[in-house]
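Structure data follow from final-v3.tsv (TSV, C-alpha atoms):
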chain	number	residue	atom	x	y	z
A	24	MET	CA	61.33	74.26	33.56
A	25	THR	CA	63.97	71.77	32.53
A	26	THR	CA	66.24	72.39	35.53
A	27	GLU	CA	64.65	69.84	37.82
A	28	PRO	CA	64.85	66.74	35.62
A	29	MET	CA	68.38	67.62	34.52
A	30	GLN	CA	69.33	67.87	38.18
A	31	ALA	CA	68.01	64.33	38.64
A	32	VAL	CA	70.10	63.23	35.65
A	33	ARG	CA	73.22	64.82	37.17
A	34	GLU	CA	72.52	63.17	40.51
A	35	PHE	CA	72.13	59.78	38.83
A	36	ILE	CA	75.49	60.13	37.09
A	37	LEU	CA	77.30	61.44	40.15
A	38	GLY	CA	75.76	58.69	42.28
A	39	ARG	CA	77.29	56.07	40.04
A	40	ASN	CA	80.64	57.80	39.69
A	41	PRO	CA	81.85	58.63	43.19
A	42	LYS	CA	85.16	59.90	41.79
A	43	LEU	CA	83.43	62.63	39.79
A	44	ASP	CA	82.96	65.98	41.56
A	45	GLN	CA	80.79	67.41	38.83
A	46	VAL	CA	79.48	66.66	35.36
A	47	SER	CA	80.18	69.32	32.79
A	48	ASP	CA	77.56	69.91	30.13
A	49	ASP	CA	79.86	68.69	27.36
A	50	LEU	CA	81.51	65.71	29.07
A	51	ASP	CA	81.23	62.68	26.75
A	52	LEU	CA	79.26	60.42	29.07
A	53	ILE	CA	79.72	57.32	26.91
A	54	ASP	CA	83.43	57.56	26.10
A	55	SER	CA	84.27	58.62	29.65
A	56	ARG	CA	82.16	55.67	30.85
A	57	ALA	CA	80.28	57.95	33.23
A	58	ILE	CA	77.30	55.96	31.93
A	59	ASN	CA	78.51	52.45	31.25
A	60	SER	CA	76.61	49.65	29.60
A	61	LEU	CA	75.55	48.28	32.97
A	62	ALA	CA	73.94	51.52	34.09
A	63	PHE	CA	72.52	52.34	30.67
A	64	VAL	CA	69.18	50.58	31.07
A	65	GLU	CA	68.67	52.00	34.52
A	66	PHE	CA	69.34	55.42	33.06
A	67	ILE	CA	66.74	54.89	30.34
A	68	PHE	CA	64.15	53.97	32.96
A	69	LEU	CA	65.06	57.17	34.82
A	70	LEU	CA	64.57	59.21	31.65
A	71	GLU	CA	61.18	57.58	31.09
A	72	GLU	CA	60.19	58.48	34.61
A	73	LEU	CA	61.35	62.06	34.22
A	74	THR	CA	59.76	62.64	30.82
A	75	GLY	CA	56.65	60.56	31.46
A	76	GLU	CA	57.09	59.02	28.02
A	77	PRO	CA	58.15	55.53	26.99
A	78	ILE	CA	61.46	55.17	25.15
A	79	ASP	CA	61.62	52.57	22.42
A	80	PRO	CA	64.91	50.69	22.92
A	81	GLU	CA	64.96	49.97	19.19
A	82	ASP	CA	65.19	53.64	18.31
A	83	LEU	CA	67.94	54.60	20.69
A	84	ASP	CA	70.90	56.46	19.33
A	85	LEU	CA	73.91	56.60	21.61
A	86	ASP	CA	74.65	60.13	20.38
A	87	ASP	CA	71.50	61.28	22.20
A	88	PHE	CA	73.18	60.20	25.43
A	89	ARG	CA	76.66	61.57	24.84
A	90	THR	CA	76.45	64.81	26.80
A	91	LEU	CA	74.13	66.57	29.18
A	92	ASN	CA	73.49	69.10	26.43
A	93	ALA	CA	72.44	66.34	24.02
A	94	LEU	CA	70.26	64.70	26.66
A	95	GLU	CA	68.49	67.94	27.46
A	96	ALA	CA	67.86	68.68	23.80
A	97	ARG	CA	66.60	65.19	23.03
A	98	PHE	CA	64.48	64.45	26.07
A	99	PHE	CA	63.61	67.66	27.89
A	100	ASN	CA	63.66	70.49	25.39
A	101	LYS	CA	62.53	68.97	22.12
A	102	GLU	CA	61.32	72.22	20.60
A	103	ALA	CA	64.72	73.80	21.02
A	104	ALA	CA	66.32	70.81	19.36
A	105	GLN	CA	64.30	71.21	16.17
B	20	MET	CA	58.79	39.91	46.92
B	21	ASN	CA	62.47	39.49	47.65
B	22	THR	CA	63.88	36.04	47.28
B	23	PRO	CA	66.80	35.22	49.58
B	24	TRP	CA	70.07	35.19	47.65
B	25	GLU	CA	70.95	31.73	48.94
B	26	LYS	CA	67.89	30.26	47.23
B	27	ILE	CA	68.71	32.04	43.99
B	28	ALA	CA	72.31	30.90	44.14
B	29	ASN	CA	71.10	27.33	44.57
B	30	SER	CA	68.68	27.61	41.68
B	31	ILE	CA	71.10	28.68	38.94
B	32	GLU	CA	74.07	26.91	37.43
B	33	PHE	CA	77.29	28.82	37.92
B	34	ILE	CA	79.66	28.89	34.98
B	35	PRO	CA	82.11	25.98	35.34
B	36	ALA	CA	85.71	26.98	36.04
B	37	GLU	CA	86.97	26.00	32.58
B	38	TYR	CA	84.65	28.54	30.92
B	39	SER	CA	84.58	31.16	33.66
B	40	SER	CA	86.27	34.53	33.34
B	41	LYS	CA	86.25	36.35	36.64
B	42	ILE	CA	86.96	39.93	35.66
B	43	GLN	CA	84.07	41.84	37.23
B	44	SER	CA	85.01	43.43	40.52
B	45	GLU	CA	82.89	43.33	43.64
B	46	SER	CA	81.81	46.93	43.10
B	47	VAL	CA	80.38	45.94	39.69
B	48	ALA	CA	78.65	42.98	41.34
B	49	ARG	CA	77.05	45.26	43.92
B	50	GLU	CA	75.93	47.65	41.22
B	51	MET	CA	74.49	44.91	38.99
B	52	LEU	CA	72.66	43.17	41.80
B	53	ARG	CA	71.77	46.32	43.76
B	54	CYS	CA	73.06	44.84	46.95
B	55	GLU	CA	75.52	45.45	49.76
B	56	THR	CA	78.79	43.74	50.61
B	57	ALA	CA	77.09	41.58	53.24
B	58	GLU	CA	74.81	40.16	50.55
B	59	ILE	CA	77.79	39.43	48.30
B	60	ASP	CA	79.27	37.57	51.28
B	61	ARG	CA	76.12	35.47	51.49
B	62	LEU	CA	76.27	34.71	47.79
B	63	VAL	CA	79.90	33.66	48.07
B	64	ASP	CA	78.99	31.44	51.02
B	65	ALA	CA	76.22	29.95	48.87
B	66	GLY	CA	78.71	29.00	46.16
B	67	LEU	CA	79.16	32.04	43.88
B	68	PRO	CA	82.63	31.41	42.40
B	69	PHE	CA	85.15	34.21	42.75
B	70	GLU	CA	88.84	34.99	42.58
B	71	ASN	CA	90.60	37.12	45.13
B	72	ARG	CA	93.21	39.40	43.57
B	73	SER	CA	94.98	42.01	45.70
B	74	GLY	CA	92.24	41.77	48.29
B	75	VAL	CA	89.42	42.39	45.78
B	76	ARG	CA	86.92	39.71	44.84
B	77	TYR	CA	86.23	39.25	41.12
B	78	PHE	CA	83.28	37.42	39.54
B	79	ASP	CA	82.13	36.06	36.19
B	80	VAL	CA	79.72	38.44	34.47
B	81	SER	CA	77.40	35.61	33.36
B	82	ASP	CA	77.06	34.42	36.96
B	83	LEU	CA	76.13	37.95	38.01
B	84	TYR	CA	73.66	38.29	35.14
B	85	ASN	CA	71.96	35.02	36.01
B	86	LEU	CA	71.75	35.83	39.70
B	87	GLY	CA	70.20	39.19	38.93
B	88	MET	CA	67.86	37.88	36.29
B	89	TYR	CA	66.38	35.21	38.56
B	90	SER	CA	66.42	37.24	41.77
B	91	ASN	CA	62.85	38.56	41.49
B	92	LYS	CA	64.10	41.75	43.16
B	93	THR	CA	62.74	43.73	40.15
B	94	ASN	CA	65.51	46.33	40.42
B	95	THR	CA	68.67	44.45	39.47
B	96	GLN	CA	70.32	45.60	36.27
B	97	PRO	CA	69.78	42.27	34.45
B	98	GLU	CA	66.07	42.34	35.27
B	99	LEU	CA	65.75	45.92	34.03
B	100	ALA	CA	67.73	45.13	30.88
B	101	PHE	CA	65.64	42.13	29.92
B	102	ARG	CA	62.39	43.86	30.81
B	103	MET	CA	63.34	46.68	28.45
B	104	LEU	CA	64.64	44.30	25.81
B	105	PHE	CA	61.54	42.17	25.62
B	106	ARG	CA	59.00	44.96	25.54
B	107	PHE	CA	58.86	44.47	21.80
B	108	ALA	CA	57.63	40.89	22.15
B	109	GLY	CA	54.27	42.03	23.43
B	110	ARG	CA	53.69	44.43	20.55
B	111	SER	CA	51.74	43.75	17.40
B	112	VAL	CA	53.38	41.06	15.32
B	113	ASP	CA	52.82	43.20	12.23
B	114	ASP	CA	55.59	45.48	13.52
B	115	LEU	CA	57.97	42.55	13.27
B	116	LEU	CA	56.97	41.64	9.72
B	117	CYS	CA	57.59	44.96	7.99
B	118	GLU	CA	60.84	46.09	6.34
B	119	LYS	CA	63.34	47.63	8.70
B	120	SER	CA	66.74	49.14	7.98
B	121	TRP	CA	69.73	49.02	10.29
B	122	ASP	CA	73.01	50.93	10.34
B	123	PHE	CA	75.23	47.92	10.78
B	124	ARG	CA	78.85	48.37	11.79
B	125	VAL	CA	81.26	45.71	13.02
B	126	GLN	CA	84.77	46.22	14.33
B	127	LEU	CA	87.20	43.32	14.17
B	128	GLU	CA	90.21	43.40	16.46
B	129	CYS	CA	93.11	40.96	16.34
B	130	THR	CA	94.46	41.52	19.85
B	131	GLU	CA	97.95	40.03	19.44
B	132	CYS	CA	98.27	40.55	15.74
B	133	ASP	CA	101.24	39.04	13.92
B	134	GLY	CA	101.06	41.46	10.99
B	135	VAL	CA	99.32	42.16	7.71
B	136	ALA	CA	97.05	39.32	6.60
B	137	PRO	CA	93.62	38.75	5.03
B	138	TRP	CA	90.51	39.14	7.18
B	139	ARG	CA	87.51	36.88	6.94
B	140	PHE	CA	84.21	38.21	8.18
B	141	GLU	CA	81.02	36.17	8.31
B	142	ALA	CA	78.80	38.84	6.85
B	143	PRO	CA	75.07	39.46	7.16
B	144	ASP	CA	73.12	36.97	5.06
B	145	VAL	CA	69.70	38.52	4.61
B	146	VAL	CA	69.04	38.41	0.87
B	147	ARG	CA	67.74	34.84	0.81
B	148	PHE	CA	65.22	35.84	3.47
B	149	GLY	CA	63.91	38.81	1.49
B	150	GLY	CA	66.26	41.46	2.85
B	151	ARG	CA	69.00	43.54	1.18
B	152	ILE	CA	72.40	45.05	1.90
B	153	VAL	CA	73.81	48.36	0.74
B	154	GLY	CA	77.58	48.70	1.17
B	155	GLY	CA	79.26	45.91	3.04
B	156	GLU	CA	82.66	45.72	1.35
B	157	ALA	CA	84.77	42.85	2.65
B	158	PRO	CA	87.65	44.17	4.79
B	159	GLU	CA	90.95	44.62	2.92
B	160	PRO	CA	93.99	42.69	4.19
B	161	GLY	CA	95.56	44.57	7.08
B	162	SER	CA	96.74	44.31	10.67
B	163	GLY	CA	95.27	45.05	14.09
B	164	THR	CA	91.75	46.16	13.31
B	165	ALA	CA	89.27	46.18	10.45
B	166	GLU	CA	85.73	47.35	9.97
B	167	TYR	CA	82.66	46.21	8.08
B	168	ALA	CA	79.82	48.68	7.52
B	169	ALA	CA	76.54	48.41	5.65
B	170	THR	CA	72.92	49.39	5.71
B	171	VAL	CA	71.08	46.14	6.21
B	172	THR	CA	67.36	45.89	5.52
B	173	THR	CA	65.52	43.01	7.13
B	174	THR	CA	61.96	41.97	6.59
B	175	GLY	CA	59.58	39.53	8.15
B	176	VAL	CA	57.70	36.69	6.51
B	177	ARG	CA	55.16	34.51	8.24
B	178	THR	CA	56.25	30.96	7.40
B	179	PRO	CA	55.36	28.72	10.35
B	180	LEU	CA	56.73	25.20	10.47
B	181	VAL	CA	54.39	22.84	8.64
B	182	SER	CA	56.10	19.54	9.44
B	183	SER	CA	54.37	17.85	12.36
B	184	GLU	CA	57.65	16.12	13.20
B	185	LEU	CA	59.59	19.41	13.35
B	186	ARG	CA	56.82	20.89	15.48
B	187	ARG	CA	56.87	17.88	17.78
B	188	LEU	CA	60.62	18.09	18.27
B	189	THR	CA	60.42	21.82	18.88
B	190	ARG	CA	57.62	21.44	21.42
B	191	GLU	CA	59.49	18.60	23.10
B	192	TYR	CA	62.47	20.89	23.55
B	193	LEU	CA	60.36	23.76	24.89
B	194	ASP	CA	58.59	21.46	27.34
B	195	ALA	CA	61.80	19.90	28.63
B	196	GLY	CA	62.22	22.59	31.26
B	197	TYR	CA	65.67	23.87	30.36
B	198	ARG	CA	66.24	27.25	31.93
B	199	TRP	CA	67.64	30.11	29.88
B	200	GLN	CA	70.88	31.47	31.25
B	201	MET	CA	73.54	33.89	30.11
B	202	ILE	CA	76.42	31.64	29.10
B	203	PRO	CA	79.82	32.47	27.54
B	204	VAL	CA	79.94	31.74	23.79
B	205	ALA	CA	82.72	29.14	24.16
B	206	MET	CA	80.64	27.20	26.66
B	207	GLN	CA	77.52	27.44	24.51
B	208	ALA	CA	79.36	25.45	21.85
B	209	ASP	CA	79.63	22.69	24.48
B	210	TYR	CA	75.89	22.27	24.17
B	211	GLU	CA	75.76	18.83	25.77
B	212	LEU	CA	77.25	20.23	28.97
B	213	VAL	CA	74.86	23.21	28.94
B	214	HIS	CA	71.83	20.93	28.70
B	215	GLU	CA	73.18	18.44	31.23
B	216	LEU	CA	73.17	21.35	33.66
B	217	GLY	CA	69.49	21.92	32.88
B	218	ALA	CA	70.31	25.23	31.24
B	219	THR	CA	69.85	26.60	27.76
B	220	SER	CA	70.92	29.56	25.64
B	221	CYS	CA	70.55	30.69	22.03
B	222	ILE	CA	73.57	28.94	20.56
B	223	ALA	CA	73.43	25.80	22.71
B	224	ALA	CA	69.70	25.37	22.08
B	225	SER	CA	70.12	25.83	18.33
B	226	LEU	CA	72.98	23.34	18.12
B	227	LEU	CA	70.99	20.69	19.99
B	228	LEU	CA	67.75	21.28	18.11
B	229	ALA	CA	69.55	21.21	14.75
B	230	GLU	CA	71.06	17.87	15.73
B	231	ARG	CA	67.62	16.50	16.59
B	232	PHE	CA	66.16	17.78	13.32
B	233	ARG	CA	68.97	16.08	11.39
B	234	ALA	CA	68.45	12.85	13.34
B	235	ALA	CA	64.81	12.98	12.19
B	236	GLY	CA	65.99	13.19	8.57
B	237	TYR	CA	65.78	16.93	7.98
B	238	GLU	CA	68.48	19.18	6.55
B	239	ALA	CA	69.23	21.56	9.41
B	240	GLU	CA	72.02	23.77	10.65
B	241	ALA	CA	72.46	26.15	13.57
B	242	LYS	CA	73.43	29.59	12.28
B	243	ARG	CA	74.61	32.66	14.13
B	244	GLY	CA	73.34	36.16	13.66
B	245	TRP	CA	72.65	39.42	15.41
B	246	PHE	CA	69.63	40.35	17.49
B	247	CYS	CA	68.98	44.00	16.62
B	248	GLY	CA	67.63	46.95	18.51
B	249	VAL	CA	69.39	45.96	21.67
B	250	LEU	CA	69.65	49.29	23.44
B	251	GLY	CA	71.74	51.05	20.85
B	252	GLY	CA	74.33	48.30	20.94
B	253	ALA	CA	74.85	48.71	24.70
B	254	LEU	CA	73.96	45.09	25.39
B	255	ASP	CA	75.68	42.49	23.26
B	256	LEU	CA	73.67	39.28	23.23
B	257	PRO	CA	74.87	36.20	21.36
B	258	HIS	CA	72.23	35.04	18.92
B	259	ALA	CA	71.66	31.87	16.94
B	260	CYS	CA	68.76	30.00	15.42
B	261	VAL	CA	68.18	26.79	13.50
B	262	GLU	CA	67.72	26.87	9.73
B	263	VAL	CA	65.80	23.82	8.61
B	264	GLN	CA	64.26	22.70	5.33
B	265	ASP	CA	60.60	22.08	6.04
B	266	ASP	CA	58.28	19.56	4.34
B	267	ASP	CA	57.15	22.30	1.92
B	268	GLY	CA	60.75	22.65	0.68
B	269	THR	CA	61.17	26.10	2.27
B	270	TYR	CA	64.00	26.97	4.65
B	271	LYS	CA	62.57	28.05	7.97
B	272	THR	CA	64.27	29.62	10.98
B	273	VAL	CA	63.53	28.34	14.45
B	274	ASP	CA	64.52	30.84	17.11
B	275	ILE	CA	63.94	28.47	19.96
B	276	ALA	CA	65.68	30.32	22.79
B	277	LYS	CA	63.96	33.63	22.06
B	278	ALA	CA	60.59	31.86	22.17
B	279	GLN	CA	61.50	30.42	25.52
B	280	LEU	CA	62.90	33.65	26.91
B	281	ALA	CA	59.90	35.69	25.78
B	282	ALA	CA	57.57	33.22	27.47
B	283	ARG	CA	59.48	33.59	30.73
B	284	LEU	CA	59.99	37.33	30.67
B	285	SER	CA	56.79	38.75	29.38
B	286	PRO	CA	53.17	37.57	29.41
B	287	ASN	CA	51.06	38.06	26.27
B	288	THR	CA	53.90	37.12	23.94
B	289	GLY	CA	52.16	34.12	22.42
B	290	ASP	CA	52.11	35.61	18.93
B	291	PHE	CA	55.81	36.38	19.08
B	292	GLN	CA	56.61	32.90	20.39
B	293	GLU	CA	54.72	31.38	17.45
B	294	LEU	CA	56.62	33.67	15.09
B	295	CYS	CA	59.86	32.25	16.44
B	296	LEU	CA	58.85	28.77	15.22
B	297	GLY	CA	59.57	29.04	11.54
B	298	SER	CA	58.91	32.63	10.51
B	299	ILE	CA	61.41	35.36	9.76
B	300	TYR	CA	61.11	38.57	11.77
B	301	ASN	CA	62.83	41.87	11.25
B	302	LYS	CA	64.82	42.11	14.47
B	303	VAL	CA	67.29	39.46	13.44
B	304	ILE	CA	70.15	39.67	10.95
B	305	PRO	CA	71.26	36.16	10.03
B	306	SER	CA	74.92	35.63	9.11
B	307	THR	CA	76.98	33.14	7.18
B	308	ALA	CA	78.55	31.84	10.43
B	309	SER	CA	77.57	28.40	11.63
B	310	GLY	CA	76.19	27.95	15.13
B	311	ASN	CA	79.35	27.83	17.19
B	312	ALA	CA	81.74	29.69	14.89
B	313	SER	CA	83.26	33.13	15.31
B	314	PHE	CA	82.08	36.00	13.12
B	315	GLY	CA	85.62	36.99	12.26
B	316	TYR	CA	89.09	35.60	11.60
B	317	HIS	CA	92.47	37.10	10.82
B	318	GLU	CA	94.94	34.91	9.03
B	319	CYS	CA	98.06	36.44	10.64
B	320	GLY	CA	98.81	33.35	12.68
B	321	SER	CA	97.91	34.78	16.10
B	322	GLN	CA	96.51	32.12	18.38
B	323	LEU	CA	94.07	34.50	20.03
B	324	PRO	CA	90.53	34.79	18.64
B	325	VAL	CA	89.48	37.97	16.90
B	326	HIS	CA	87.28	40.26	18.99
B	327	VAL	CA	84.14	41.19	17.11
B	328	ARG	CA	82.09	44.13	18.30
B	329	ALA	CA	78.86	45.01	16.55
B	330	ASP	CA	77.09	48.35	16.69
B	331	ILE	CA	73.63	48.01	15.15
B	332	ARG	CA	71.26	50.95	15.20
B	333	SER	CA	67.89	51.50	13.68
B	334	ALA	CA	68.46	53.59	10.54
B	335	ARG	CA	66.90	57.04	10.79

Turn the structure described in the file into structure tokens.
Amino acid sequence: MTTEPMQAVREFILGRNPKLDQVSDDLDLIDSRAINSLAFVEFIFLLEELTGEPIDPEDLDLDDFRTLNALEARFFNKEAAQ
Amino acid sequence: MNTPWEKIANSIEFIPAEYSSKIQSESVAREMLRCETAEIDRLVDAGLPFENRSGVRYFDVSDLYNLGMYSNKTNTQPELAFRMLFRFAGRSVDDLLCEKSWDFRVQLECTECDGVAPWRFEAPDVVRFGGRIVGGEAPEPGSGTAEYAATVTTTGVRTPLVSSELRRLTREYLDAGYRWQMIPVAMQADYELVHELGATSCIAASLLLAERFRAAGYEAEAKRGWFCGVLGGALDLPHACVEVQDDDGTYKTVDIAKAQLAARLSPNTGDFQELCLGSIYNKVIPSTASGNASFGYHECGSQLPVHVRADIRSAR
């Protein structure tokens, strides 16, 4: 059920990082700059589109964006994260 | 509706050479503006300043921000960033008047440090506006880097300007037609130049308005601070407002540039714009730094300014 949106997330990251062949589930997306500050807002809009829910920019925690695993838990599989 | 890049280039003021730092490569420019090389060529032909290093064109990030912001393409990164940023301005004002706590962390970096020396950090200054700080020890003398960390609680208070003269001067500024632009901090201190160009920005606007308040006989000073909840710290926006003693003896804050920017970026922000004219709201952490001063200094003797990077997150 969560495969499709996570595939879109992977495609977004790969599309903005032509030198990356793949994105491992535990790659630190912030420290590696796979998602840089320029792409960050665009990425949030993508997550809103995929989840169908608004994201309050005031409540963002960068740790929620650090890895694909963290993203999936925070945005696409909330029950599992609890 | 797409606006041709040439028209946009003609409508904004590019950062003058003495304040420009062309470090963003053409690939970044394409990404920010969501355009192709041919469109970058058109922008360069229309006057976008650049430097060519090893066959690669480099641009000033403020120029790119301003082009994107005023492009009306709807999909440039600056447009998306500001649309996200100013969502809050259309919400209930009550949200901006309640207590709010922030995990506040600042890293100071002396890039060409000459050794161990005292640090000076212009700390958050929220207590006199009803807020509080937990933690926040001044950095110990050291070299290279230092950190300041605290939990800062801000709160809002509705205290609109009561002086008709202060209101007149504020309205006069807002009606003058200056256009908000992203401008490097050093250039913002040159507020006469910024306004001569027909532009405005938080620091430049606050310095000019404070001067006009003082000329009218009021005690006023532009003060720097931090605008909070900015995408988890991913977007670092300079912030400043004017602190002025009103006719009722109370110090008020006038956040003139945010009022102007909200009006441009988002309809239905009238309540927020009014809040900017005297009231305190919880998304701003004022500091002890004056309008055009740095937040941090290191007394090692290095001639280079200290880099100050803030990470401010809503406390959970």

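For the set B:Asn85, B:Thr93, B:Asn29, B:Thr172, the residue with the smallest atom-to-atom gap to Ala334 (chain B) is B:Thr172, counting only C-alpha atoms.
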
Output as a tab-separated table one row per residue of chain B within 12 Å of chain A: the closest atom pair and its distance in Å to one decimal place, counting only C-alpha atoms, sorted by chain and residue number ascending.
residue	atom	partner	partner_atom	distance
B:Gln43	CA	A:Leu61	CA	11.5
B:Ser46	CA	A:Arg39	CA	10.6
B:Val47	CA	A:Leu61	CA	8.6
B:Ala48	CA	A:Leu61	CA	10.4
B:Arg49	CA	A:Leu61	CA	11.5
B:Glu50	CA	A:Leu61	CA	8.3
B:Met51	CA	A:Leu61	CA	7.0
B:Leu52	CA	A:Leu61	CA	10.6
B:Arg53	CA	A:Ala62	CA	11.2
B:Val80	CA	A:Leu61	CA	10.8
B:Leu83	CA	A:Leu61	CA	11.5
B:Tyr84	CA	A:Leu61	CA	10.4
B:Thr93	CA	A:Glu65	CA	11.6
B:Asn94	CA	A:Glu65	CA	8.8
B:Thr95	CA	A:Glu65	CA	9.0
B:Gln96	CA	A:Leu61	CA	6.7
B:Pro97	CA	A:Leu61	CA	8.5
B:Glu98	CA	A:Val64	CA	9.8
B:Leu99	CA	A:Val64	CA	6.5
B:Ala100	CA	A:Val64	CA	5.6
B:Phe101	CA	A:Val64	CA	9.2
B:Arg102	CA	A:Val64	CA	9.6
B:Met103	CA	A:Pro80	CA	7.0
B:Leu104	CA	A:Pro80	CA	7.0
B:Phe105	CA	A:Pro80	CA	9.6
B:Arg106	CA	A:Asp79	CA	8.6
B:Phe107	CA	A:Asp79	CA	8.6
B:Arg110	CA	A:Asp79	CA	11.5
B:Asp114	CA	A:Glu81	CA	11.8
B:Leu115	CA	A:Glu81	CA	11.8
B:Lys119	CA	A:Glu81	CA	10.9
B:Ser120	CA	A:Asp82	CA	11.4
B:Trp121	CA	A:Glu81	CA	10.1
B:Asp122	CA	A:Asp84	CA	10.8
B:Phe246	CA	A:Glu81	CA	10.8
B:Cys247	CA	A:Glu81	CA	7.6
B:Gly248	CA	A:Glu81	CA	4.1
B:Val249	CA	A:Glu81	CA	6.5
B:Leu250	CA	A:Pro80	CA	5.0
B:Gly251	CA	A:Leu83	CA	5.2
B:Gly252	CA	A:Leu85	CA	8.3
B:Ala253	CA	A:Ser60	CA	5.3
B:Leu254	CA	A:Ser60	CA	6.7
B:Asp255	CA	A:Ser60	CA	9.6
B:Asn301	CA	A:Glu81	CA	11.5
B:Lys302	CA	A:Glu81	CA	9.2
B:Asp330	CA	A:Leu85	CA	10.1
B:Ile331	CA	A:Glu81	CA	9.8
B:Arg332	CA	A:Asp84	CA	6.9
B:Ser333	CA	A:Asp82	CA	5.8
B:Ala334	CA	A:Asp82	CA	8.4
B:Arg335	CA	A:Asp82	CA	8.4

May I have the residues within 7 Å of Asp49 (chain A) as a count of residues only, using all atoms listed in the file and disregarding those fewer than 4 positions away in the same chain? 3

What's around Pro286 (chain B) at 12 Å? Count all atoms listed in the file, leave out sequence neighbours fewer than 2 positions away in its own chain, and write the answer as a list in words.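 The residues that qualify are Arg102, Phe105, Arg106, Phe107, Ala108, Gly109, Arg110, Ala278, Gln279, Leu280, Ala281, Ala282, Arg283, Leu284, Thr288, Gly289, Asp290, Phe291 and Gln292 of chain B.
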
Pick from A:Phe98, A:Glu27, A:Gly75, A:Ala93, whichever lies nearest to Leu50 (chain A) using all atoms listed in the file: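 Closest to Leu50 (chain A) of all the choices is A:Ala93.
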
Extract, using all atoms listed in the file, all DNA, RNA and protein residues at most 10 Å from Ala36 (chain B), discarding same-chain residues fewer than 2 positions from it, and format them as a list in words. Phe33, Ile34, Tyr38, Ser39, Ser40, Lys41, Pro68, Phe69 and Asp79 of chain B

Output the selection as a PDB file, keeping the file's coordinate frame - C-alpha atoms for each residue.
ATOM      1  CA  PHE B  33      77.290  28.820  37.920  1.00  0.00           C
ATOM      2  CA  ILE B  34      79.660  28.890  34.980  1.00  0.00           C
ATOM      3  CA  TYR B  38      84.650  28.540  30.920  1.00  0.00           C
ATOM      4  CA  SER B  39      84.580  31.160  33.660  1.00  0.00           C
ATOM      5  CA  SER B  40      86.270  34.530  33.340  1.00  0.00           C
ATOM      6  CA  LYS B  41      86.250  36.350  36.640  1.00  0.00           C
ATOM      7  CA  PRO B  68      82.630  31.410  42.400  1.00  0.00           C
ATOM      8  CA  PHE B  69      85.150  34.210  42.750  1.00  0.00           C
ATOM      9  CA  ASP B  79      82.130  36.060  36.190  1.00  0.00           C
TER      10      ASP B  79
END

How big is the axis-aligned box around all listed atoms of region 316-326 of chain B once 3 Å goes on each side, and where's its centre, in Å to one decimal, as JSON?
{"center_x": 93.0, "center_y": 36.2, "center_z": 14.5, "size_x": 17.5, "size_y": 14.1, "size_z": 17.0}

Can you measure CA of Ala157 (chain B) to CA of Gly310 (chain B) for me? One decimal in Å is fine.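 CA of Gly310 (chain B) lies 21.2 Å from CA of Ala157 (chain B).
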
Interatomic distance (Å, one decimal) between CA of Thr219 (chain B) and CA of Tyr197 (chain B):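 Separation between CA of Thr219 (chain B) and CA of Tyr197 (chain B): 5.6 Å.
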
How would you write as a VMD selection string the residues that get within 8 Å of (78.9, 49.4, 2.7) in the file's frame, counting only C-alpha atoms? chain B and resid 152 to 156 167 to 170

All residues 7 Å or closer to Gly163 (chain B), all atoms listed in the file, same chain fewer than 3 positions away omitted, as a short mmCIF file (atom, residue, chain, number, x, y, z; two decimals) with C-alpha atoms, in the coordinates of the input:
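Result file out06.cif:
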data_model
loop_
_atom_site.label_atom_id
_atom_site.label_comp_id
_atom_site.auth_asym_id
_atom_site.auth_seq_id
_atom_site.Cartn_x
_atom_site.Cartn_y
_atom_site.Cartn_z
CA GLU B 128 90.21 43.40 16.46
CA CYS B 129 93.11 40.96 16.34
CA THR B 130 94.46 41.52 19.85
CA CYS B 132 98.27 40.55 15.74
#

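Taking all atoms listed in the file, the non-local environment of Ala208 (chain B) within 9 Å (same-chain residues fewer than 2 positions away omitted) comprises B:Val204, B:Ala205, B:Met206, B:Tyr210, B:Glu211, B:Val213, B:Ile222, B:Ala223, B:Leu226, B:Gly310, B:Asn311, B:Ala312.
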